[in-house]
>>> print(open('query-v1.cif').read())   # mmCIF, C-alpha atoms
data_upload
loop_
_atom_site.group_PDB
_atom_site.id
_atom_site.type_symbol
_atom_site.label_atom_id
_atom_site.label_comp_id
_atom_site.auth_asym_id
_atom_site.auth_seq_id
_atom_site.Cartn_x
_atom_site.Cartn_y
_atom_site.Cartn_z
ATOM 1 C CA MET A 901 -44.674 93.713 122.566
ATOM 2 C CA SER A 902 -45.985 91.568 125.433
ATOM 3 C CA GLN A 903 -44.944 92.155 129.030
ATOM 4 C CA ALA A 904 -42.862 88.969 129.003
ATOM 5 C CA ASN A 905 -41.124 89.962 125.775
ATOM 6 C CA LEU A 906 -40.462 93.442 127.123
ATOM 7 C CA GLU A 907 -38.918 92.056 130.315
ATOM 8 C CA GLN A 908 -36.750 89.700 128.285
ATOM 9 C CA HIS A 909 -35.716 92.578 126.036
ATOM 10 C CA ILE A 910 -34.740 94.676 129.069
ATOM 11 C CA GLN A 911 -32.734 91.770 130.483
ATOM 12 C CA ASP A 912 -30.934 91.338 127.161
ATOM 13 C CA ILE A 913 -30.068 95.051 127.111
ATOM 14 C CA GLU A 914 -28.775 94.857 130.694
ATOM 15 C CA ILE A 915 -26.514 91.945 129.775
ATOM 16 C CA GLU A 916 -25.296 93.762 126.669
ATOM 17 C CA ASN A 917 -24.566 96.868 128.786
ATOM 18 C CA SER A 918 -22.696 94.709 131.256
ATOM 19 C CA ASN A 919 -20.651 93.106 128.472
ATOM 20 C CA LEU A 920 -19.779 96.490 126.976
ATOM 21 C CA ALA A 921 -18.733 97.758 130.410
ATOM 22 C CA SER A 922 -16.483 94.716 130.853
ATOM 23 C CA LEU A 923 -14.852 95.309 127.475
ATOM 24 C CA TYR A 924 -14.424 99.040 128.161
ATOM 25 C CA VAL A 925 -12.870 98.454 131.598
ATOM 26 C CA ALA A 926 -10.565 95.724 130.277
ATOM 27 C CA LEU A 927 -9.363 97.839 127.373
ATOM 28 C CA SER A 928 -8.907 101.034 129.382
ATOM 29 C CA GLN A 929 -6.962 99.193 132.095
ATOM 30 C CA LEU A 930 -4.752 97.414 129.535
ATOM 31 C CA HIS A 931 -3.625 100.769 128.170
ATOM 32 C CA SER A 932 -3.459 102.557 131.526
ATOM 33 C CA SER A 933 0.241 101.918 132.086
ATOM 34 C CA LEU A 934 3.554 101.889 130.225
ATOM 35 C CA GLU A 935 5.259 99.691 132.832
ATOM 36 C CA VAL A 936 5.614 96.106 131.600
ATOM 37 C CA SER A 937 5.010 94.637 135.077
ATOM 38 C CA GLU A 938 1.839 96.696 135.501
ATOM 39 C CA VAL A 939 0.492 95.683 132.079
ATOM 40 C CA LEU A 940 1.175 92.039 132.951
ATOM 41 C CA GLY A 941 -0.655 92.597 136.248
ATOM 42 C CA VAL A 942 -3.697 93.925 134.390
ATOM 43 C CA ILE A 943 -3.662 90.952 132.009
ATOM 44 C CA VAL A 944 -3.625 88.592 135.005
ATOM 45 C CA GLU A 945 -6.477 90.506 136.694
ATOM 46 C CA ILE A 946 -8.616 90.392 133.550
ATOM 47 C CA MET A 947 -8.131 86.687 132.932
ATOM 48 C CA LEU A 948 -8.760 85.812 136.594
ATOM 49 C CA ASN A 949 -11.650 88.163 137.391
ATOM 50 C CA PHE A 950 -13.404 88.542 134.042
ATOM 51 C CA VAL A 951 -12.896 85.114 132.450
ATOM 52 C CA GLY A 952 -12.403 82.966 135.555
ATOM 53 C CA ALA A 953 -9.087 81.463 134.466
ATOM 54 C CA GLU A 954 -7.103 79.897 137.305
ATOM 55 C CA THR A 955 -3.856 78.545 135.858
ATOM 56 C CA PHE A 956 -2.467 80.542 132.981
ATOM 57 C CA ALA A 957 0.649 82.198 131.610
ATOM 58 C CA VAL A 958 1.718 85.018 129.322
ATOM 59 C CA LEU A 959 4.413 83.794 126.951
ATOM 60 C CA VAL A 960 6.515 85.711 124.444
ATOM 61 C CA SER A 961 8.435 84.450 121.431
ATOM 62 C CA ASP A 962 12.176 83.918 121.553
ATOM 63 C CA GLU A 963 14.397 84.334 118.467
ATOM 64 C CA ASP A 964 13.833 80.665 117.551
ATOM 65 C CA GLU A 965 10.041 81.070 117.995
ATOM 66 C CA THR A 966 10.114 79.191 121.288
ATOM 67 C CA LEU A 967 7.536 80.677 123.651
ATOM 68 C CA ARG A 968 8.788 81.515 127.153
ATOM 69 C CA ALA A 969 6.654 82.609 130.118
ATOM 70 C CA ILE A 970 7.052 86.141 131.499
ATOM 71 C CA ALA A 971 4.057 86.039 133.865
ATOM 72 C CA ALA A 972 1.819 83.356 135.293
ATOM 73 C CA HIS A 973 -1.028 82.774 137.720
ATOM 74 C CA GLY A 974 -1.696 79.544 139.606
ATOM 75 C CA VAL A 975 1.810 78.328 138.803
ATOM 76 C CA ALA A 976 5.277 79.818 139.227
ATOM 77 C CA VAL A 977 6.630 81.466 136.070
ATOM 78 C CA GLY A 978 9.727 79.261 136.314
ATOM 79 C CA ASP A 979 7.558 76.135 136.301
ATOM 80 C CA VAL A 980 6.019 76.927 132.917
ATOM 81 C CA PRO A 981 8.141 75.003 130.424
ATOM 82 C CA PRO A 982 9.291 76.694 127.201
ATOM 83 C CA VAL A 983 6.882 75.824 124.417
ATOM 84 C CA ALA A 984 7.900 74.935 120.865
ATOM 85 C CA ASN A 985 5.940 76.495 118.033
ATOM 86 C CA GLU A 986 3.741 73.454 117.472
ATOM 87 C CA GLY A 987 0.313 72.034 118.235
ATOM 88 C CA VAL A 988 -2.263 74.498 119.521
ATOM 89 C CA PHE A 989 0.409 77.209 119.826
ATOM 90 C CA ALA A 990 1.332 76.884 116.142
ATOM 91 C CA ALA A 991 -2.364 76.856 115.207
ATOM 92 C CA ALA A 992 -2.919 80.108 117.101
ATOM 93 C CA ARG A 993 0.188 81.695 115.613
ATOM 94 C CA VAL A 994 -0.554 80.686 112.012
ATOM 95 C CA SER A 995 -4.280 81.485 112.065
ATOM 96 C CA GLY A 996 -3.883 84.539 114.290
ATOM 97 C CA GLU A 997 -7.055 83.407 116.023
ATOM 98 C CA PRO A 998 -7.607 82.171 119.591
ATOM 99 C CA GLN A 999 -7.843 78.387 119.844
ATOM 100 C CA ILE A 1000 -10.604 77.472 122.296
ATOM 101 C CA SER A 1001 -11.554 73.962 123.414
ATOM 102 C CA ALA A 1002 -14.761 73.176 125.280
ATOM 103 C CA LEU A 1003 -14.470 73.243 129.069
ATOM 104 C CA SER A 1004 -14.531 69.886 130.790
ATOM 105 C CA SER A 1005 -14.530 68.933 134.467
ATOM 106 C CA GLN A 1006 -11.395 66.868 133.715
ATOM 107 C CA ASP A 1007 -9.542 70.102 132.914
ATOM 108 C CA ARG A 1008 -9.245 70.781 136.670
ATOM 109 C CA GLY A 1009 -6.282 68.434 136.849
ATOM 110 C CA ARG A 1010 -4.593 69.735 133.718
ATOM 111 C CA THR A 1011 -0.946 70.720 134.179
ATOM 112 C CA VAL A 1012 1.090 73.294 132.281
ATOM 113 C CA ALA A 1013 2.926 70.435 130.561
ATOM 114 C CA ALA A 1014 -0.315 69.613 128.702
ATOM 115 C CA PRO A 1015 -1.756 71.649 125.824
ATOM 116 C CA PRO A 1016 -3.788 74.589 127.157
ATOM 117 C CA VAL A 1017 -7.593 74.655 126.959
ATOM 118 C CA VAL A 1018 -7.357 78.133 125.446
ATOM 119 C CA CYS A 1019 -4.430 79.570 123.500
ATOM 120 C CA ILE A 1020 -4.696 83.253 122.604
ATOM 121 C CA PRO A 1021 -2.212 84.690 120.112
ATOM 122 C CA LEU A 1022 -0.972 88.120 121.193
ATOM 123 C CA HIS A 1023 -0.809 90.579 118.317
ATOM 124 C CA ALA A 1024 1.288 93.732 118.054
ATOM 125 C CA ALA A 1025 1.937 95.758 114.918
ATOM 126 C CA GLY A 1026 0.652 93.018 112.633
ATOM 127 C CA GLU A 1027 2.757 90.247 114.172
ATOM 128 C CA VAL A 1028 2.096 87.562 116.742
ATOM 129 C CA ILE A 1029 4.537 88.339 119.555
ATOM 130 C CA GLY A 1030 3.438 85.660 122.003
ATOM 131 C CA ALA A 1031 0.522 83.820 123.500
ATOM 132 C CA LEU A 1032 -1.740 83.743 126.501
ATOM 133 C CA ALA A 1033 -2.216 80.108 127.496
ATOM 134 C CA LEU A 1034 -5.044 79.090 129.853
ATOM 135 C CA TRP A 1035 -4.867 75.626 131.384
ATOM 136 C CA THR A 1036 -7.427 75.541 134.192
ATOM 137 C CA PHE A 1037 -10.446 77.561 135.311
ATOM 138 C CA LEU A 1038 -12.158 78.319 138.610
ATOM 139 C CA PRO A 1039 -14.297 75.361 139.782
ATOM 140 C CA GLN A 1040 -17.508 77.385 139.363
ATOM 141 C CA LYS A 1041 -16.703 78.085 135.700
ATOM 142 C CA GLN A 1042 -18.807 75.600 133.753
ATOM 143 C CA SER A 1043 -18.613 76.909 130.194
ATOM 144 C CA PHE A 1044 -17.505 79.828 128.076
ATOM 145 C CA THR A 1045 -20.044 82.610 127.595
ATOM 146 C CA ALA A 1046 -20.393 85.184 124.843
ATOM 147 C CA ILE A 1047 -18.506 87.776 126.903
ATOM 148 C CA ASP A 1048 -15.655 85.300 127.499
ATOM 149 C CA HIS A 1049 -15.210 85.024 123.730
ATOM 150 C CA GLU A 1050 -15.323 88.835 123.416
ATOM 151 C CA ILE A 1051 -12.721 89.305 126.170
ATOM 152 C CA ILE A 1052 -10.499 86.631 124.602
ATOM 153 C CA GLN A 1053 -10.695 88.406 121.230
ATOM 154 C CA LEU A 1054 -9.973 91.755 122.888
ATOM 155 C CA MET A 1055 -6.931 90.323 124.672
ATOM 156 C CA SER A 1056 -5.679 88.840 121.421
ATOM 157 C CA LYS A 1057 -5.911 92.173 119.615
ATOM 158 C CA SER A 1058 -4.861 94.525 122.440
ATOM 159 C CA ALA A 1059 -2.804 92.815 125.162
ATOM 160 C CA GLY A 1060 0.193 92.297 122.865
ATOM 161 C CA THR A 1061 0.081 95.929 121.749
ATOM 162 C CA ALA A 1062 -0.092 97.110 125.370
ATOM 163 C CA LEU A 1063 2.885 94.914 126.289
ATOM 164 C CA GLU A 1064 4.941 95.998 123.287
ATOM 165 C CA ALA A 1065 4.129 99.691 123.914
ATOM 166 C CA ALA A 1066 5.266 99.307 127.534
ATOM 167 C CA ARG A 1067 8.462 97.509 126.507
ATOM 168 C CA LEU A 1068 9.303 100.244 124.011
ATOM 169 C CA ALA A 1069 8.412 103.053 126.412
ATOM 170 C CA MET A 1070 10.710 101.620 129.084
ATOM 171 C CA THR A 1071 13.638 101.394 126.680
ATOM 172 C CA ALA A 1072 13.170 104.531 124.581
ATOM 173 C CA PRO A 1073 13.638 107.987 126.120
ATOM 174 C CA PRO A 1074 12.542 110.753 126.311
ATOM 175 C CA SER A 1075 9.452 110.707 128.526
ATOM 176 C CA PRO A 1076 6.679 113.326 128.775
ATOM 177 C CA GLY A 1077 8.103 116.448 130.445
ATOM 178 C CA ASP A 1078 11.649 115.676 129.260
ATOM 179 C CA ARG A 1079 13.514 118.028 126.946
ATOM 180 C CA GLY A 1080 13.037 116.794 123.382
ATOM 181 C CA TYR A 1081 9.715 115.005 124.005
ATOM 182 C CA TYR A 1082 7.882 117.133 121.430
ATOM 183 C CA GLU A 1083 10.822 116.899 119.012
ATOM 184 C CA ALA A 1084 10.787 113.104 119.307
ATOM 185 C CA PHE A 1085 7.182 113.083 118.087
ATOM 186 C CA ALA A 1086 7.676 115.794 115.471
ATOM 187 C CA SER A 1087 10.682 114.070 113.922
ATOM 188 C CA LEU A 1088 8.671 110.877 113.484
ATOM 189 C CA LEU A 1089 5.944 112.792 111.602
ATOM 190 C CA ARG A 1090 8.233 114.566 109.115
ATOM 191 C CA MET B 500 -33.055 108.506 147.885
ATOM 192 C CA PRO B 501 -29.243 108.524 147.629
ATOM 193 C CA PHE B 502 -27.217 105.389 148.425
ATOM 194 C CA THR B 503 -23.532 104.866 149.049
ATOM 195 C CA ALA B 504 -21.640 101.636 148.408
ATOM 196 C CA LEU B 505 -18.160 100.875 149.685
ATOM 197 C CA VAL B 506 -16.288 98.706 147.162
ATOM 198 C CA VAL B 507 -13.333 96.840 148.685
ATOM 199 C CA GLU B 508 -11.174 95.121 146.068
ATOM 200 C CA ASP B 509 -7.417 95.003 145.534
ATOM 201 C CA SER B 510 -7.691 94.655 141.750
ATOM 202 C CA PRO B 511 -8.179 98.117 140.190
ATOM 203 C CA THR B 512 -9.663 96.449 137.112
ATOM 204 C CA MET B 513 -12.287 94.568 139.094
ATOM 205 C CA ARG B 514 -12.949 97.614 141.270
ATOM 206 C CA GLN B 515 -13.638 99.729 138.191
ATOM 207 C CA LEU B 516 -16.017 97.098 136.835
ATOM 208 C CA LEU B 517 -17.957 96.979 140.121
ATOM 209 C CA VAL B 518 -18.163 100.779 140.267
ATOM 210 C CA PHE B 519 -19.481 100.782 136.699
ATOM 211 C CA ALA B 520 -22.142 98.256 137.643
ATOM 212 C CA LEU B 521 -23.183 100.070 140.814
ATOM 213 C CA LYS B 522 -23.533 103.399 139.028
ATOM 214 C CA ARG B 523 -26.326 101.855 136.995
ATOM 215 C CA ILE B 524 -28.385 102.031 140.179
ATOM 216 C CA ARG B 525 -30.118 105.397 140.432
ATOM 217 C CA ASP B 526 -28.612 107.809 143.006
ATOM 218 C CA MET B 527 -25.791 105.403 143.871
ATOM 219 C CA THR B 528 -22.390 106.811 144.758
ATOM 220 C CA THR B 529 -19.354 104.706 145.523
ATOM 221 C CA ILE B 530 -16.349 104.782 147.821
ATOM 222 C CA GLU B 531 -13.366 102.608 146.904
ATOM 223 C CA ALA B 532 -10.853 100.806 149.093
ATOM 224 C CA CYS B 533 -8.021 98.468 148.107
ATOM 225 C CA ASP B 534 -8.024 96.169 151.174
ATOM 226 C CA GLY B 535 -9.610 95.659 154.577
ATOM 227 C CA VAL B 536 -7.442 98.196 156.401
ATOM 228 C CA ASP B 537 -8.075 100.834 153.749
ATOM 229 C CA ALA B 538 -11.805 100.051 154.032
ATOM 230 C CA LEU B 539 -11.789 100.550 157.811
ATOM 231 C CA LYS B 540 -10.033 103.898 157.337
ATOM 232 C CA LYS B 541 -12.655 104.970 154.822
ATOM 233 C CA LEU B 542 -15.433 103.768 157.134
ATOM 234 C CA ALA B 543 -13.996 105.706 160.058
ATOM 235 C CA GLY B 544 -13.752 108.925 158.091
ATOM 236 C CA ALA B 545 -17.061 108.877 156.266
ATOM 237 C CA ASP B 546 -20.765 108.552 156.783
ATOM 238 C CA LYS B 547 -21.948 104.983 157.151
ATOM 239 C CA PRO B 548 -22.322 103.393 153.689
ATOM 240 C CA ASP B 549 -25.589 101.705 152.788
ATOM 241 C CA ILE B 550 -23.843 98.567 151.572
ATOM 242 C CA ILE B 551 -20.350 97.050 151.394
ATOM 243 C CA LEU B 552 -19.084 94.857 148.555
ATOM 244 C CA THR B 553 -15.813 93.125 149.329
ATOM 245 C CA ASP B 554 -13.395 90.638 147.846
ATOM 246 C CA ILE B 555 -11.968 87.956 150.153
ATOM 247 C CA ASN B 556 -8.368 87.530 149.006
ATOM 248 C CA MET B 557 -6.646 90.859 149.581
ATOM 249 C CA PRO B 558 -3.295 91.858 151.071
ATOM 250 C CA ILE B 559 -2.932 93.347 154.581
ATOM 251 C CA MET B 560 -6.493 92.523 155.685
ATOM 252 C CA ASP B 561 -8.732 90.083 153.843
ATOM 253 C CA GLY B 562 -12.461 90.369 153.286
ATOM 254 C CA LEU B 563 -13.480 87.872 155.964
ATOM 255 C CA LYS B 564 -11.556 89.775 158.624
ATOM 256 C CA LEU B 565 -13.246 92.936 157.380
ATOM 257 C CA VAL B 566 -16.662 91.294 157.784
ATOM 258 C CA GLN B 567 -15.779 90.396 161.370
ATOM 259 C CA ARG B 568 -14.587 93.926 162.124
ATOM 260 C CA VAL B 569 -17.697 95.509 160.622
ATOM 261 C CA ARG B 570 -20.031 93.157 162.474
ATOM 262 C CA ALA B 571 -18.202 93.940 165.738
ATOM 263 C CA ASP B 572 -18.663 97.686 165.258
ATOM 264 C CA GLU B 573 -21.873 98.994 166.784
ATOM 265 C CA ARG B 574 -22.143 101.811 164.235
ATOM 266 C CA LEU B 575 -21.666 99.536 161.213
ATOM 267 C CA ARG B 576 -23.022 96.140 162.252
ATOM 268 C CA ASP B 577 -26.299 96.481 160.315
ATOM 269 C CA VAL B 578 -24.659 97.419 156.989
ATOM 270 C CA PRO B 579 -25.323 94.661 154.428
ATOM 271 C CA ILE B 580 -22.178 93.011 153.060
ATOM 272 C CA VAL B 581 -21.827 91.258 149.706
ATOM 273 C CA ILE B 582 -18.792 89.040 149.194
ATOM 274 C CA ILE B 583 -17.474 88.906 145.613
ATOM 275 C CA THR B 584 -14.676 86.382 145.254
ATOM 276 C CA THR B 585 -12.926 83.775 143.161
ATOM 277 C CA GLU B 586 -13.499 81.290 146.028
ATOM 278 C CA GLY B 587 -16.586 79.518 144.725
ATOM 279 C CA GLY B 588 -16.732 76.527 147.067
ATOM 280 C CA ALA B 589 -19.745 75.804 149.282
ATOM 281 C CA GLU B 590 -17.543 75.788 152.401
ATOM 282 C CA ASP B 591 -16.131 79.217 151.558
ATOM 283 C CA LYS B 592 -19.636 80.583 151.112
ATOM 284 C CA ALA B 593 -20.910 79.004 154.354
ATOM 285 C CA ARG B 594 -17.967 80.441 156.285
ATOM 286 C CA ALA B 595 -18.518 83.957 154.924
ATOM 287 C CA LEU B 596 -22.236 83.851 155.662
ATOM 288 C CA ALA B 597 -21.568 82.494 159.170
ATOM 289 C CA LEU B 598 -19.252 85.435 159.835
ATOM 290 C CA GLY B 599 -22.029 87.841 158.935
ATOM 291 C CA ALA B 600 -21.941 88.419 155.174
ATOM 292 C CA ASN B 601 -25.410 88.803 153.650
ATOM 293 C CA ALA B 602 -24.697 87.525 150.148
ATOM 294 C CA TYR B 603 -21.975 85.699 148.270
ATOM 295 C CA ILE B 604 -21.188 86.018 144.558
ATOM 296 C CA ALA B 605 -18.473 83.931 142.895
ATOM 297 C CA LYS B 606 -16.364 85.452 140.141
ATOM 298 C CA PRO B 607 -16.443 85.845 137.237
ATOM 299 C CA ILE B 608 -19.399 88.152 137.795
ATOM 300 C CA GLN B 609 -22.202 89.392 135.581
ATOM 301 C CA ALA B 610 -23.036 93.015 136.422
ATOM 302 C CA PRO B 611 -26.832 92.425 136.357
ATOM 303 C CA GLN B 612 -26.386 89.750 139.037
ATOM 304 C CA VAL B 613 -24.516 92.215 141.269
ATOM 305 C CA ILE B 614 -27.081 94.946 140.633
ATOM 306 C CA ARG B 615 -29.964 92.598 141.457
ATOM 307 C CA GLN B 616 -28.297 91.492 144.684
ATOM 308 C CA VAL B 617 -27.527 95.047 145.810
ATOM 309 C CA LYS B 618 -31.063 96.245 145.024
ATOM 310 C CA GLU B 619 -32.521 93.325 146.937
ATOM 311 C CA LEU B 620 -30.415 94.058 150.026
ATOM 312 C CA LEU B 621 -31.265 97.767 149.839
ATOM 313 C CA ASN B 622 -34.939 97.042 149.217
ATOM 314 C CA ILE B 623 -35.089 99.120 146.065
ATOM 315 C CA GLY B 624 -37.021 98.267 142.931
#
>>> encode(input="query-v1.cif", output="structure tokens")
Amino acid sequence: MSQANLEQHIQDIEIENSNLASLYVALSQLHSSLEVSEVLGVIVEIMLNFVGAETFAVLVSDEDETLRAIAAHGVAVGDVPPVANEGVFAAARVSGEPQISALSSQDRGRTVAAPPVVCIPLHAAGEVIGALALWTFLPQKQSFTAIDHEIIQLMSKSAGTALEAARLAMTAPPSPGDRGYYEAFASLLR
Amino acid sequence: MPFTALVVEDSPTMRQLLVFALKRIRDMTTIEACDGVDALKKLAGADKPDIILTDINMPIMDGLKLVQRVRADERLRDVPIVIITTEGGAEDKARALALGANAYIAKPIQAPQVIRQVKELLNIG
């Protein structure tokens, strides 16, 4: 292997290490809390700091499959309109796969009334429970990289589970240390 | 030769990622702070770090104020400071550098970029 090839190989390994570290940190932080507000905070941090999203919202499905925002960045939660299960949202829900458009400089002016640039279905227990919609990105963000796609896939597979686990934990006693905590587990395994 | 980096960042997720990156530098240890005031407390109670990495937008005391405070402190004024922020505009960068920051990295970051910048400021290969 030539010196140039070796240096390139080392650079590639460094980038791969960096990407794996990003995925590890994102995943470990997602599952570091059973408080819904804290999990939402982690989702916001990951999308802002790791992907460079600027205007985005976490939406969950209502009984009529309307998506309603429970957290947002760059816009007030109350200003994110409810979204019918159609267009890019329906495509994400039906396919179960993130819907990603190419980034364009015109996206800077995109509002939350427009279709998002990225729509990530949030999975939990085999169902799509909501979506992560990204409308605008930091000005310095020119395009999506390989690690962006990896983070988006990770969020699709894990953010919904983390949210659902937190919701259940906050509504279902007992907690660790409480009387009956072991029995609660044991009874579920019988 | 051992090095110490002070990482100032209000996002625990981002802080963990920066610590991960810095630990890839041989003999590097890290101190963490969640805002400018916390950073000043850590700086007062510890040996002088070899480098400071700080976010700008933080509650209580932001990163630019921290840069000013560090540069005004005789004991700390020569410590290199790297700004890591979502504010990617040229004016933001110019302002931070004018206040005394040594380098400016816009998020989202790539760890190798941070490592390269830190090594350059610490003059290590």
>>> residues_around(input="query-v1.cif", residues="range 598-607 of chain B", least_positions_apart="4", cutoff="8 Å", atoms="all atoms listed in the file", output="VMD selection string")
(chain A and resid 948 to 952 1040 to 1041) or (chain B and resid 563 566 to 567 570 579 to 587 592 594 613 616)
>>> write_last_selection(input="query-v1.cif", atoms="C-alpha atoms", output="CSV table (one decimal), in the frame of the given file")
chain,number,residue,atom,x,y,z
A,948,LEU,CA,-8.8,85.8,136.6
A,949,ASN,CA,-11.6,88.2,137.4
A,950,PHE,CA,-13.4,88.5,134.0
A,951,VAL,CA,-12.9,85.1,132.4
A,952,GLY,CA,-12.4,83.0,135.6
A,1040,GLN,CA,-17.5,77.4,139.4
A,1041,LYS,CA,-16.7,78.1,135.7
B,563,LEU,CA,-13.5,87.9,156.0
B,566,VAL,CA,-16.7,91.3,157.8
B,567,GLN,CA,-15.8,90.4,161.4
B,570,ARG,CA,-20.0,93.2,162.5
B,579,PRO,CA,-25.3,94.7,154.4
B,580,ILE,CA,-22.2,93.0,153.1
B,581,VAL,CA,-21.8,91.3,149.7
B,582,ILE,CA,-18.8,89.0,149.2
B,583,ILE,CA,-17.5,88.9,145.6
B,584,THR,CA,-14.7,86.4,145.3
B,585,THR,CA,-12.9,83.8,143.2
B,586,GLU,CA,-13.5,81.3,146.0
B,587,GLY,CA,-16.6,79.5,144.7
B,592,LYS,CA,-19.6,80.6,151.1
B,594,ARG,CA,-18.0,80.4,156.3
B,613,VAL,CA,-24.5,92.2,141.3
B,616,GLN,CA,-28.3,91.5,144.7
>>> resolve_selection(input="query-v1.cif", expression="the PyMOL selection byres ((chain B) within 8 of (chain A))", output="compact mmCIF listing (two decimals) with C-alpha atoms, keeping the file's coordinate frame")
# COMPACT_ATOMS: atom_id res chain seq x y z
CA SER B 510 -7.69 94.66 141.75
CA THR B 512 -9.66 96.45 137.11
CA MET B 513 -12.29 94.57 139.09
CA GLN B 515 -13.64 99.73 138.19
CA LEU B 516 -16.02 97.10 136.84
CA PHE B 519 -19.48 100.78 136.70
CA ALA B 520 -22.14 98.26 137.64
CA THR B 585 -12.93 83.78 143.16
CA GLY B 587 -16.59 79.52 144.72
CA GLY B 588 -16.73 76.53 147.07
CA ALA B 605 -18.47 83.93 142.90
CA LYS B 606 -16.36 85.45 140.14
CA PRO B 607 -16.44 85.84 137.24
CA ILE B 608 -19.40 88.15 137.79
CA GLN B 609 -22.20 89.39 135.58
CA ALA B 610 -23.04 93.02 136.42
CA PRO B 611 -26.83 92.42 136.36
>>> atom_distance(input="query-v1.cif", atom1="CA of Gly974 in chain A", atom2="CA of Leu505 in chain B")
28.8 Å
>>> residues_near_point(input="query-v1.cif", point="(-27.9, 98.3, 138.9)", cutoff="7 Å", atoms="all atoms listed in the file", output="PyMOL selection string")
chain B and resi 520-524+611+614-615
>>> resolve_selection(input="query-v1.cif", expression="the PyMOL selection byres ((chain B and resi 500) around 8)", output="PyMOL selection string")
chain B and resi 501-502+526
>>> residues_around(input="query-v1.cif", residues="His1049 in chain A", least_positions_apart="5", cutoff="10 Å", atoms="all atoms listed in the file", output="list in words")
Val951, Pro998, Ile1000, Phe1044, Leu1054 and Met1055 of chain A
>>> resolve_selection(input="query-v1.cif", expression="the PyMOL selection byres ((chain B and resi 574) around 12)", output="ChimeraX atom specification")
/B:542-543,545-549,568-573,575-578
>>> atom_distance(input="query-v1.cif", atom1="CA of Cys533 in chain B", atom2="CA of Ala969 in chain A")
28.1 Å
>>> build_atoms(input="query-v1.cif", residues="range 1054-1067 of chain A", atoms="N, CA and C atoms", output="PDB file, in the coordinates of the input")
ATOM      1  N   LEU A1054     -10.551  90.458 122.526  1.00  0.00           N
ATOM      2  CA  LEU A1054      -9.973  91.755 122.888  1.00  0.00           C
ATOM      3  C   LEU A1054      -8.526  91.586 123.362  1.00  0.00           C
ATOM      4  N   MET A1055      -8.291  90.564 124.178  1.00  0.00           N
ATOM      5  CA  MET A1055      -6.931  90.323 124.672  1.00  0.00           C
ATOM      6  C   MET A1055      -6.008  89.979 123.509  1.00  0.00           C
ATOM      7  N   SER A1056      -6.507  89.206 122.567  1.00  0.00           N
ATOM      8  CA  SER A1056      -5.679  88.840 121.421  1.00  0.00           C
ATOM      9  C   SER A1056      -5.260  90.074 120.627  1.00  0.00           C
ATOM     10  N   LYS A1057      -6.189  90.995 120.442  1.00  0.00           N
ATOM     11  CA  LYS A1057      -5.911  92.173 119.615  1.00  0.00           C
ATOM     12  C   LYS A1057      -5.161  93.262 120.383  1.00  0.00           C
ATOM     13  N   SER A1058      -5.369  93.352 121.708  1.00  0.00           N
ATOM     14  CA  SER A1058      -4.861  94.525 122.440  1.00  0.00           C
ATOM     15  C   SER A1058      -3.790  94.256 123.486  1.00  0.00           C
ATOM     16  N   ALA A1059      -3.772  93.057 124.075  1.00  0.00           N
ATOM     17  CA  ALA A1059      -2.804  92.815 125.162  1.00  0.00           C
ATOM     18  C   ALA A1059      -1.372  92.850 124.636  1.00  0.00           C
ATOM     19  N   GLY A1060      -1.157  92.287 123.441  1.00  0.00           N
ATOM     20  CA  GLY A1060       0.193  92.297 122.865  1.00  0.00           C
ATOM     21  C   GLY A1060       0.649  93.715 122.564  1.00  0.00           C
ATOM     22  N   THR A1061      -0.251  94.520 122.042  1.00  0.00           N
ATOM     23  CA  THR A1061       0.081  95.929 121.749  1.00  0.00           C
ATOM     24  C   THR A1061       0.423  96.672 123.031  1.00  0.00           C
ATOM     25  N   ALA A1062      -0.358  96.444 124.090  1.00  0.00           N
ATOM     26  CA  ALA A1062      -0.092  97.110 125.370  1.00  0.00           C
ATOM     27  C   ALA A1062       1.269  96.694 125.923  1.00  0.00           C
ATOM     28  N   LEU A1063       1.581  95.404 125.808  1.00  0.00           N
ATOM     29  CA  LEU A1063       2.885  94.914 126.289  1.00  0.00           C
ATOM     30  C   LEU A1063       4.034  95.506 125.474  1.00  0.00           C
ATOM     31  N   GLU A1064       3.882  95.492 124.162  1.00  0.00           N
ATOM     32  CA  GLU A1064       4.941  95.998 123.287  1.00  0.00           C
ATOM     33  C   GLU A1064       5.133  97.507 123.495  1.00  0.00           C
ATOM     34  N   ALA A1065       4.036  98.246 123.659  1.00  0.00           N
ATOM     35  CA  ALA A1065       4.129  99.691 123.914  1.00  0.00           C
ATOM     36  C   ALA A1065       4.876  99.944 125.218  1.00  0.00           C
ATOM     37  N   ALA A1066       4.585  99.135 126.245  1.00  0.00           N
ATOM     38  CA  ALA A1066       5.266  99.307 127.534  1.00  0.00           C
ATOM     39  C   ALA A1066       6.747  98.969 127.409  1.00  0.00           C
ATOM     40  N   ARG A1067       7.046  97.885 126.683  1.00  0.00           N
ATOM     41  CA  ARG A1067       8.462  97.509 126.507  1.00  0.00           C
ATOM     42  C   ARG A1067       9.223  98.631 125.810  1.00  0.00           C
TER      43      ARG A1067
END
